[in-house]
Every structure is written in structure tokens, then in C-alpha cells.
>>> print(open('run_26.txt').read())   # compact mmCIF, C-alpha atoms and all ligand atoms
# COMPACT_ATOMS: atom_id res chain seq x y z
CA MET A 13 -66.37 -28.44 20.59
CA LYS A 14 -67.58 -28.89 24.16
CA LEU A 15 -67.57 -25.14 24.83
CA ASN A 16 -68.75 -24.11 21.38
CA PRO A 17 -70.39 -26.80 19.22
CA GLN A 18 -70.68 -24.23 16.42
CA ARG A 19 -66.84 -24.11 16.28
CA THR A 20 -66.70 -20.40 15.66
CA ALA A 21 -64.62 -17.61 17.16
CA PRO A 22 -65.13 -15.98 19.57
CA THR A 23 -65.89 -18.12 22.60
CA PHE A 24 -66.01 -15.99 25.75
CA ILE A 25 -65.60 -17.31 29.29
CA ASP A 26 -66.44 -15.12 32.26
CA GLU A 27 -65.26 -16.53 35.56
CA GLY A 28 -67.98 -15.79 38.10
CA VAL A 29 -68.52 -16.60 41.74
CA ASP A 30 -71.34 -18.97 40.75
CA GLY A 31 -69.23 -20.67 38.06
CA ASP A 32 -68.15 -19.85 34.54
CA VAL A 33 -70.41 -18.18 32.02
CA VAL A 34 -69.56 -19.52 28.55
CA LEU A 35 -70.88 -17.48 25.66
CA THR A 36 -70.62 -17.51 21.89
CA GLN A 37 -71.93 -15.14 19.20
CA SER A 38 -70.19 -11.78 19.26
CA MET A 39 -73.37 -9.69 19.59
CA ALA A 40 -74.54 -11.75 22.59
CA ILE A 41 -71.07 -11.42 24.16
CA ILE A 42 -70.89 -7.65 23.65
CA GLU A 43 -74.40 -7.15 25.06
CA TYR A 44 -73.46 -9.36 28.05
CA LEU A 45 -70.35 -7.23 28.65
CA GLU A 46 -72.50 -4.11 28.34
CA GLU A 47 -74.86 -5.39 31.03
CA THR A 48 -72.18 -6.71 33.38
CA ARG A 49 -69.58 -3.93 32.83
CA PRO A 50 -71.71 -0.90 31.96
CA GLU A 51 -68.88 1.66 32.16
CA PRO A 52 -67.99 3.01 29.70
CA PRO A 53 -71.28 2.34 27.85
CA LEU A 54 -71.18 0.89 24.34
CA LEU A 55 -74.85 1.65 23.72
CA PRO A 56 -76.53 5.08 23.73
CA SER A 57 -78.95 5.99 26.53
CA ASP A 58 -81.95 6.49 24.21
CA ALA A 59 -83.93 3.70 22.51
CA ALA A 60 -83.70 5.24 19.03
CA GLY A 61 -79.93 5.62 19.40
CA ARG A 62 -79.54 2.04 20.56
CA ALA A 63 -81.60 0.82 17.61
CA ARG A 64 -79.44 2.84 15.19
CA VAL A 65 -76.23 1.42 16.68
CA ARG A 66 -77.60 -2.14 16.51
CA LYS A 67 -78.77 -1.54 12.94
CA ILE A 68 -75.24 -0.60 11.85
CA ALA A 69 -73.76 -3.58 13.71
CA MET A 70 -76.28 -6.09 12.30
CA ALA A 71 -75.73 -4.88 8.73
CA MET A 72 -72.14 -6.05 9.26
CA VAL A 73 -72.60 -9.12 11.48
CA ALA A 74 -75.66 -10.68 9.86
CA ASP A 75 -75.75 -9.33 6.31
CA THR A 76 -72.03 -9.13 5.47
CA HIS A 77 -69.71 -11.16 7.71
CA ALA A 78 -71.94 -14.25 7.70
CA LEU A 79 -71.67 -14.55 3.91
CA CYS A 80 -67.90 -14.34 3.90
CA VAL A 81 -66.77 -16.74 6.63
CA GLN A 82 -64.42 -19.66 6.06
CA ARG A 83 -67.10 -22.36 6.39
CA VAL A 84 -69.03 -20.75 3.53
CA SER A 85 -65.99 -20.52 1.26
CA HIS A 86 -64.90 -24.06 2.21
CA HIS A 87 -68.34 -25.36 1.24
CA MET A 88 -68.20 -23.48 -2.04
CA ALA A 89 -64.73 -24.86 -2.83
CA ASN A 90 -65.08 -28.42 -1.54
CA GLU A 91 -68.73 -29.30 -2.16
CA LEU A 92 -69.64 -27.05 -5.07
CA ASP A 93 -66.26 -27.02 -6.89
CA ILE A 94 -66.25 -23.26 -7.18
CA GLU A 95 -62.90 -21.75 -8.19
CA GLU A 96 -60.95 -19.67 -5.66
CA THR A 97 -61.12 -16.59 -7.92
CA ASP A 98 -64.94 -16.82 -7.96
CA ILE A 99 -65.07 -17.29 -4.18
CA ARG A 100 -62.85 -14.25 -3.81
CA SER A 101 -65.16 -12.28 -6.05
CA TRP A 102 -68.19 -13.48 -3.97
CA ARG A 103 -66.52 -12.25 -0.77
CA GLN A 104 -65.55 -8.92 -2.31
CA HIS A 105 -69.09 -8.43 -3.62
CA TRP A 106 -70.76 -8.91 -0.22
CA MET A 107 -68.15 -6.94 1.69
CA THR A 108 -68.38 -4.01 -0.74
CA ARG A 109 -72.16 -4.10 -0.65
CA GLY A 110 -72.29 -4.27 3.16
CA LEU A 111 -69.82 -1.45 3.67
CA ASN A 112 -71.53 0.74 1.06
CA ILE A 113 -74.84 0.26 2.86
CA VAL A 114 -73.32 1.21 6.21
CA GLU A 115 -71.72 4.23 4.51
CA THR A 116 -75.23 5.41 3.50
CA PHE A 117 -76.36 4.93 7.15
CA LEU A 118 -73.48 7.12 8.35
CA ALA A 119 -72.95 9.80 5.72
CA ASP A 120 -75.03 12.95 6.19
CA ASP A 121 -76.72 11.65 9.33
CA PRO A 122 -76.30 14.19 12.16
CA ALA A 123 -76.18 11.29 14.65
CA THR A 124 -72.82 10.30 13.15
CA GLY A 125 -69.93 11.97 14.95
CA THR A 126 -66.28 11.22 15.44
CA PHE A 127 -67.56 7.65 15.77
CA CYS A 128 -70.49 5.82 14.14
CA HIS A 129 -72.81 7.30 16.75
CA GLY A 130 -71.73 10.48 18.48
CA GLU A 131 -68.46 11.25 20.18
CA THR A 132 -67.70 8.01 22.01
CA PRO A 133 -67.16 4.49 20.64
CA THR A 134 -70.22 2.24 20.52
CA LEU A 135 -71.00 -1.35 19.65
CA ALA A 136 -71.23 -0.17 16.01
CA ASP A 137 -67.55 0.85 15.97
CA VAL A 138 -66.54 -2.37 17.74
CA ILE A 139 -68.16 -4.33 14.89
CA LEU A 140 -67.24 -2.01 12.01
CA VAL A 141 -63.48 -1.82 12.63
CA PRO A 142 -62.78 -5.57 12.23
CA GLN A 143 -65.01 -5.71 9.14
CA VAL A 144 -62.96 -2.93 7.50
CA HIS A 145 -59.77 -4.73 8.53
CA THR A 146 -61.03 -7.97 6.97
CA SER A 147 -62.07 -6.14 3.81
CA GLN A 148 -58.57 -4.69 3.45
CA HIS A 149 -57.21 -8.21 3.82
CA TYR A 150 -59.34 -9.29 0.84
CA ASP A 151 -58.42 -6.25 -1.30
CA VAL A 152 -61.93 -4.82 -1.24
CA ASP A 153 -62.13 -1.39 -2.90
CA LEU A 154 -62.68 1.01 0.02
CA SER A 155 -62.57 4.22 -2.02
CA GLY A 156 -66.35 4.77 -1.88
CA ILE A 157 -66.69 4.79 1.91
CA PRO A 158 -65.03 8.01 3.17
CA THR A 159 -67.09 8.26 6.38
CA ILE A 160 -66.27 4.68 7.37
CA GLN A 161 -62.60 5.26 6.50
CA ARG A 162 -62.50 8.39 8.68
CA ILE A 163 -64.10 6.57 11.64
CA TYR A 164 -61.86 3.52 11.14
CA ASP A 165 -58.69 5.66 11.04
CA HIS A 166 -59.74 7.47 14.19
CA CYS A 167 -60.61 4.28 16.08
CA LEU A 168 -57.18 2.88 15.33
CA THR A 169 -55.53 5.83 17.08
CA LEU A 170 -57.11 4.60 20.35
CA PRO A 171 -55.21 2.10 22.53
CA ALA A 172 -58.25 -0.18 23.04
CA PHE A 173 -58.66 -0.70 19.28
CA GLN A 174 -54.90 -1.11 18.78
CA LYS A 175 -54.82 -3.74 21.51
CA ALA A 176 -57.63 -5.65 19.77
CA LYS A 177 -55.85 -5.86 16.38
CA PRO A 178 -55.32 -9.43 15.13
CA GLU A 179 -51.52 -9.06 15.10
CA ASN A 180 -51.60 -8.12 18.79
CA GLN A 181 -53.31 -11.37 19.86
CA PRO A 182 -51.24 -14.14 21.46
CA ASP A 183 -52.40 -16.73 18.88
CA PHE A 184 -51.66 -14.56 15.84
CA GLY A 185 -49.99 -16.50 13.05
CA LYS A 186 -49.70 -19.70 15.09
CA ASP A 187 -51.13 -21.86 12.31
CA GLY A 188 -49.71 -19.86 9.44
CA ARG A 189 -52.86 -17.79 9.03
CA GLU A 190 -54.06 -14.74 10.86
CA ALA A 191 -55.67 -16.41 13.84
CA SER A 192 -58.03 -13.76 15.22
CA GLY A 193 -59.95 -11.62 12.81
CA GLY A 194 -58.22 -12.48 9.58
CA GLY A 195 -59.31 -16.11 9.60
CA HIS A 196 -63.08 -15.50 9.23
N1 LIG B 1 -72.21 -14.74 14.01
C1 LIG B 1 -71.03 -15.25 14.66
C2 LIG B 1 -69.98 -15.57 13.60
C3 LIG B 1 -68.79 -16.28 14.16
C4 LIG B 1 -67.78 -16.63 13.07
O1 LIG B 1 -68.14 -17.11 11.98
N2 LIG B 1 -66.51 -16.37 13.35
C5 LIG B 1 -65.47 -16.67 12.39
C6 LIG B 1 -64.19 -15.95 12.77
S1 LIG B 1 -64.34 -14.22 12.57
C7 LIG B 1 -65.21 -18.16 12.39
O2 LIG B 1 -65.25 -18.77 13.42
N3 LIG B 1 -64.90 -18.72 11.20
C8 LIG B 1 -64.56 -20.08 11.09
C9 LIG B 1 -65.46 -20.81 10.11
O3 LIG B 1 -66.21 -20.19 9.36
O4 LIG B 1 -65.40 -22.03 10.11
C10 LIG B 1 -70.50 -14.22 15.67
O5 LIG B 1 -70.77 -13.04 15.51
O6 LIG B 1 -69.85 -14.64 16.65
>>> encode(input="run_26.txt", output="C-alpha cells", more="lines below")
Ligand SMILES: N[C@@H](CCC(=O)N[C@@H](CS)C(=O)NCC(=O)O)C(=O)O
Amino acid sequence: MKLNPQRTAPTFIDEGVDGDVVLTQSMAIIEYLEETRPEPPLLPSDAAGRARVRKIAMAMVADTHALCVQRVSHHMANELDIEETDIRSWRQHWMTRGLNIVETFLADDPATGTFCHGETPTLADVILVPQVHTSQHYDVDLSGIPTIQRIYDHCLTLPAFQKAKPENQPDFGKDGREASGGGH
């Protein structure tokens, strides 16, 4: 609570010579890492490319993930008496819609490569992979997003993405739920 009054994951602490930097909000953290550890870059060198990468990421972070987090479903269940099956259907609706929109951003755009943007991973892939993982967890129909599926499958062949999987985190399963990434 002291470090992160919003009580969300992640909270990031960077130990610096002038004291700790404590950050929350994944986009702010990733951009901080980009500025403080610029190699390898997670954002393209051109402004239009950076805007495209941020567009893909924000369609997930702001327009999809935010509607499907635990505090939203808890409010629906506990304050609004909405049934679990309806909450599940709400989550599936917004996840399907968000991923379908990102699929239209990616499919047939020459800027899309092996990854969301070109031939190296960017902030867009860093955000997209956990959203696909979460959607699988909630049995979202992923059949209509072949470009995303291709990029997701490729990312998961890379050690950095494998290392970041929820089941490879030290707190995974500690409270009976998936602790990092599956908990939302
Ligand atoms: N926009 C925030 C969202 C943070 C967030 O909601 N994280 C989830 C875990 S993926 C969480 O803490 N859920 C707990 C809850 O909703 O109470 C970010 O990108 O960091």
C-alpha cells in the first residue's frame, strides 16, 4: 500500500545511487526502462513507428486489459450481484474485441514483421504476449487472429519471453491462483 496505493501489479523498484525509484503502471515502467536501459531498444527510431507501437500497446493496456481486471469483476460480483457466467462473458467479449482490433492493425500492414513491428521485439510484443496468455486462460476464441497467434508463438520461442511467463515467476501459485499475469 505504501509503495503502490493503487494496489496493482506491477510495482517496479530500481535501486539507484540517489535512492530507489518506485514506479507503477506498466507503460510508465517500460518507458522508464527504455530510457534508462536503451539497448536493445523496445521502441522504433522513427516517430511514426513509435506511435504505431504505442497504439498497439494502448489498445491492449487501456481498452482491453483495464476492463477485465479483478477489481472490475469483484465489483460486478460483490456490488452489482452479477453472476460469474455473465462476468466471464463480459471478459471474453472485451478480450475478443481488443484482440480482433489489434489483429486489424497488424494484418496486411507492411510494418508488421516477425514481430508486431519489424524484425525485433518492441513494447507492442511485450504487452501483446501477456494479453494473449490471459485470453487463453479465459477460453477466449483465438481462431480469428492468425497474425497475433503467429507473433505470439514466435515470441514464446525466445528465452526472454519464456523467462517472463507467469509459471516461471517465484510467486507463481503461492496463493492458489496464478500470481503474475493470470491474476489480472
Ligand atoms: N494499467 C495498469 C493495470 C495494473 C493492473 O490492473 N494489474 C493487475 C494484474 S495484471 C492487477 O493488479 N489486478 C488486481 C486488481 O484488479 O485488483 C498497468 O498497466 O500497470
>>> residues_around(input="run_26.txt", residues="A:Pro158", least_positions_apart="3", cutoff="10 Å", atoms="only C-alpha atoms", output="list in words")
Asn112, Glu115, Leu118, Ala119, Leu154, Ser155, Gln161, Arg162, Ile163 and Tyr164 of chain A
>>> residues_near_ligand(input="run_26.txt", ligand="ligand LIG 1 (chain B)", cutoff="12 Å", atoms="only C-alpha atoms and all ligand atoms", output="PyMOL selection string")
chain A and resi 16-24+35-43+69-87+138-139+142-143+145-146+178+190-196
>>> atom_distance(input="run_26.txt", atom1="atom CA of A:Glu179", atom2="atom CA of A:Ser101")
25.4 Å
>>> closest_residue(input="run_26.txt", among="A:Met88, A:Ile94, A:Leu168, A:Ile160", to="A:Leu140", atoms="all atoms listed in the file")
A:Ile160
>>> closest_residue(input="run_26.txt", among="A:Arg64, A:Arg103, A:Arg49, A:Lys186", to="A:Gln148", atoms="all atoms listed in the file")
A:Arg103
>>> atom_distance(input="run_26.txt", atom1="atom CA of A:Glu51", atom2="atom CA of A:Asp30")
22.5 Å
>>> axis_aligned_box(input="run_26.txt", around="stretch 134-139 of chain A", padding_each_side="5 Å", output="lines of an AutoDock Vina configuration file")
center_x = -68.9
center_y = -1.0
center_z = 17.7
size_x = 14.7
size_y = 16.6
size_z = 15.6
>>> closest_residue(input="run_26.txt", among="A:Asp93, A:Asp187, A:Thr126, A:Ile113", to="A:Gly156", atoms="only C-alpha atoms")
A:Ile113
>>> closest_residue(input="run_26.txt", among="A:Ala123, A:Ile68, A:Leu45, A:Cys128", to="A:Thr159", atoms="only C-alpha atoms")
A:Cys128
>>> closest_residue(input="run_26.txt", among="A:Gln174, A:Tyr150, A:Phe127, A:Lys67", to="A:Ile99", atoms="all atoms listed in the file")
A:Tyr150
>>> atom_distance(input="run_26.txt", atom1="atom CA of A:Ala176", atom2="atom CA of A:Asp26")
18.0 Å
>>> decode(input="run_26.txt", residues="stretch 116-161 of chain A", atoms="N, CA and C atoms", output="short mmCIF file (atom, residue, chain, number, x, y, z; two decimals), in the first residue's frame")
data_model
loop_
_atom_site.label_atom_id
_atom_site.label_comp_id
_atom_site.auth_asym_id
_atom_site.auth_seq_id
_atom_site.Cartn_x
_atom_site.Cartn_y
_atom_site.Cartn_z
N THR A 116 -6.51 -6.36 -36.78
CA THR A 116 -6.68 -5.50 -37.97
C THR A 116 -5.51 -4.51 -38.09
N PHE A 117 -4.93 -4.08 -36.94
CA PHE A 117 -3.75 -3.20 -37.01
C PHE A 117 -2.57 -3.93 -37.67
N LEU A 118 -2.47 -5.24 -37.39
CA LEU A 118 -1.27 -5.99 -37.78
C LEU A 118 -1.38 -6.63 -39.17
N ALA A 119 -2.54 -7.22 -39.44
CA ALA A 119 -2.70 -7.97 -40.69
C ALA A 119 -2.56 -7.02 -41.88
N ASP A 120 -1.86 -7.44 -42.88
CA ASP A 120 -1.72 -6.68 -44.14
C ASP A 120 -1.04 -5.32 -43.99
N ASP A 121 -0.42 -5.05 -42.86
CA ASP A 121 0.36 -3.82 -42.74
C ASP A 121 1.82 -4.17 -42.98
N PRO A 122 2.48 -3.58 -43.96
CA PRO A 122 3.87 -3.93 -44.23
C PRO A 122 4.82 -3.65 -43.06
N ALA A 123 4.40 -2.82 -42.11
CA ALA A 123 5.25 -2.55 -40.94
C ALA A 123 5.31 -3.75 -40.01
N THR A 124 4.31 -4.65 -40.12
CA THR A 124 4.32 -5.87 -39.30
C THR A 124 5.35 -6.83 -39.87
N GLY A 125 6.15 -7.40 -38.99
CA GLY A 125 7.16 -8.35 -39.46
C GLY A 125 7.06 -9.64 -38.68
N THR A 126 8.20 -10.18 -38.31
CA THR A 126 8.21 -11.37 -37.46
C THR A 126 7.55 -11.02 -36.13
N PHE A 127 7.69 -9.74 -35.76
CA PHE A 127 7.06 -9.22 -34.54
C PHE A 127 5.99 -8.20 -34.93
N CYS A 128 5.36 -7.58 -33.92
CA CYS A 128 4.30 -6.60 -34.22
C CYS A 128 4.81 -5.47 -35.11
N HIS A 129 6.07 -5.10 -34.90
CA HIS A 129 6.64 -4.01 -35.68
C HIS A 129 8.06 -4.41 -36.08
N GLY A 130 8.18 -4.90 -37.31
CA GLY A 130 9.51 -5.23 -37.82
C GLY A 130 10.07 -6.54 -37.30
N GLU A 131 11.38 -6.60 -37.27
CA GLU A 131 12.07 -7.88 -37.05
C GLU A 131 12.67 -8.03 -35.65
N THR A 132 12.40 -7.06 -34.78
CA THR A 132 12.86 -7.21 -33.40
C THR A 132 11.68 -6.93 -32.45
N PRO A 133 11.70 -7.51 -31.26
CA PRO A 133 10.59 -7.28 -30.33
C PRO A 133 10.50 -5.81 -29.91
N THR A 134 9.28 -5.33 -29.78
CA THR A 134 9.05 -3.96 -29.31
C THR A 134 8.10 -4.00 -28.11
N LEU A 135 7.86 -2.82 -27.58
CA LEU A 135 6.90 -2.65 -26.49
C LEU A 135 5.55 -3.30 -26.84
N ALA A 136 5.17 -3.27 -28.12
CA ALA A 136 3.89 -3.87 -28.53
C ALA A 136 3.87 -5.37 -28.24
N ASP A 137 4.97 -6.06 -28.53
CA ASP A 137 5.03 -7.51 -28.27
C ASP A 137 5.04 -7.78 -26.76
N VAL A 138 5.75 -6.92 -26.03
CA VAL A 138 5.84 -7.09 -24.57
C VAL A 138 4.44 -7.01 -23.94
N ILE A 139 3.58 -6.17 -24.51
CA ILE A 139 2.21 -6.03 -24.00
C ILE A 139 1.28 -7.09 -24.58
N LEU A 140 1.48 -7.42 -25.85
CA LEU A 140 0.54 -8.34 -26.52
C LEU A 140 0.63 -9.77 -25.96
N VAL A 141 1.86 -10.24 -25.73
CA VAL A 141 2.02 -11.64 -25.31
C VAL A 141 1.25 -11.96 -24.03
N PRO A 142 1.39 -11.15 -22.96
CA PRO A 142 0.60 -11.49 -21.76
C PRO A 142 -0.91 -11.39 -21.98
N GLN A 143 -1.35 -10.49 -22.85
CA GLN A 143 -2.79 -10.39 -23.10
C GLN A 143 -3.30 -11.66 -23.80
N VAL A 144 -2.52 -12.21 -24.72
CA VAL A 144 -2.92 -13.46 -25.37
C VAL A 144 -2.93 -14.59 -24.33
N HIS A 145 -1.92 -14.61 -23.49
CA HIS A 145 -1.83 -15.63 -22.44
C HIS A 145 -3.08 -15.58 -21.55
N THR A 146 -3.43 -14.36 -21.13
CA THR A 146 -4.61 -14.17 -20.27
C THR A 146 -5.88 -14.62 -21.00
N SER A 147 -5.96 -14.30 -22.28
CA SER A 147 -7.15 -14.66 -23.05
C SER A 147 -7.29 -16.16 -23.16
N GLN A 148 -6.17 -16.86 -23.30
CA GLN A 148 -6.21 -18.34 -23.32
C GLN A 148 -6.75 -18.85 -21.99
N HIS A 149 -6.28 -18.23 -20.93
CA HIS A 149 -6.70 -18.61 -19.57
C HIS A 149 -8.22 -18.51 -19.43
N TYR A 150 -8.83 -17.53 -20.09
CA TYR A 150 -10.28 -17.33 -20.00
C TYR A 150 -11.03 -17.92 -21.19
N ASP A 151 -10.39 -18.87 -21.90
CA ASP A 151 -11.04 -19.60 -23.00
C ASP A 151 -11.61 -18.68 -24.08
N VAL A 152 -10.90 -17.59 -24.35
CA VAL A 152 -11.32 -16.70 -25.44
C VAL A 152 -11.02 -17.39 -26.77
N ASP A 153 -11.96 -17.27 -27.72
CA ASP A 153 -11.78 -17.88 -29.04
C ASP A 153 -10.70 -17.09 -29.80
N LEU A 154 -9.56 -17.72 -30.05
CA LEU A 154 -8.44 -17.04 -30.70
C LEU A 154 -8.33 -17.42 -32.18
N SER A 155 -9.37 -18.06 -32.71
CA SER A 155 -9.24 -18.56 -34.10
C SER A 155 -9.20 -17.45 -35.13
N GLY A 156 -9.73 -16.26 -34.79
CA GLY A 156 -9.80 -15.18 -35.79
C GLY A 156 -8.62 -14.23 -35.78
N ILE A 157 -7.53 -14.61 -35.11
CA ILE A 157 -6.39 -13.68 -35.00
C ILE A 157 -5.08 -14.37 -35.41
N PRO A 158 -4.99 -14.81 -36.69
CA PRO A 158 -3.80 -15.59 -37.09
C PRO A 158 -2.49 -14.83 -37.02
N THR A 159 -2.52 -13.52 -37.27
CA THR A 159 -1.26 -12.76 -37.22
C THR A 159 -0.76 -12.68 -35.78
N ILE A 160 -1.68 -12.37 -34.86
CA ILE A 160 -1.32 -12.32 -33.44
C ILE A 160 -0.81 -13.69 -32.99
N GLN A 161 -1.50 -14.75 -33.39
CA GLN A 161 -1.09 -16.10 -32.99
C GLN A 161 0.33 -16.42 -33.48
#
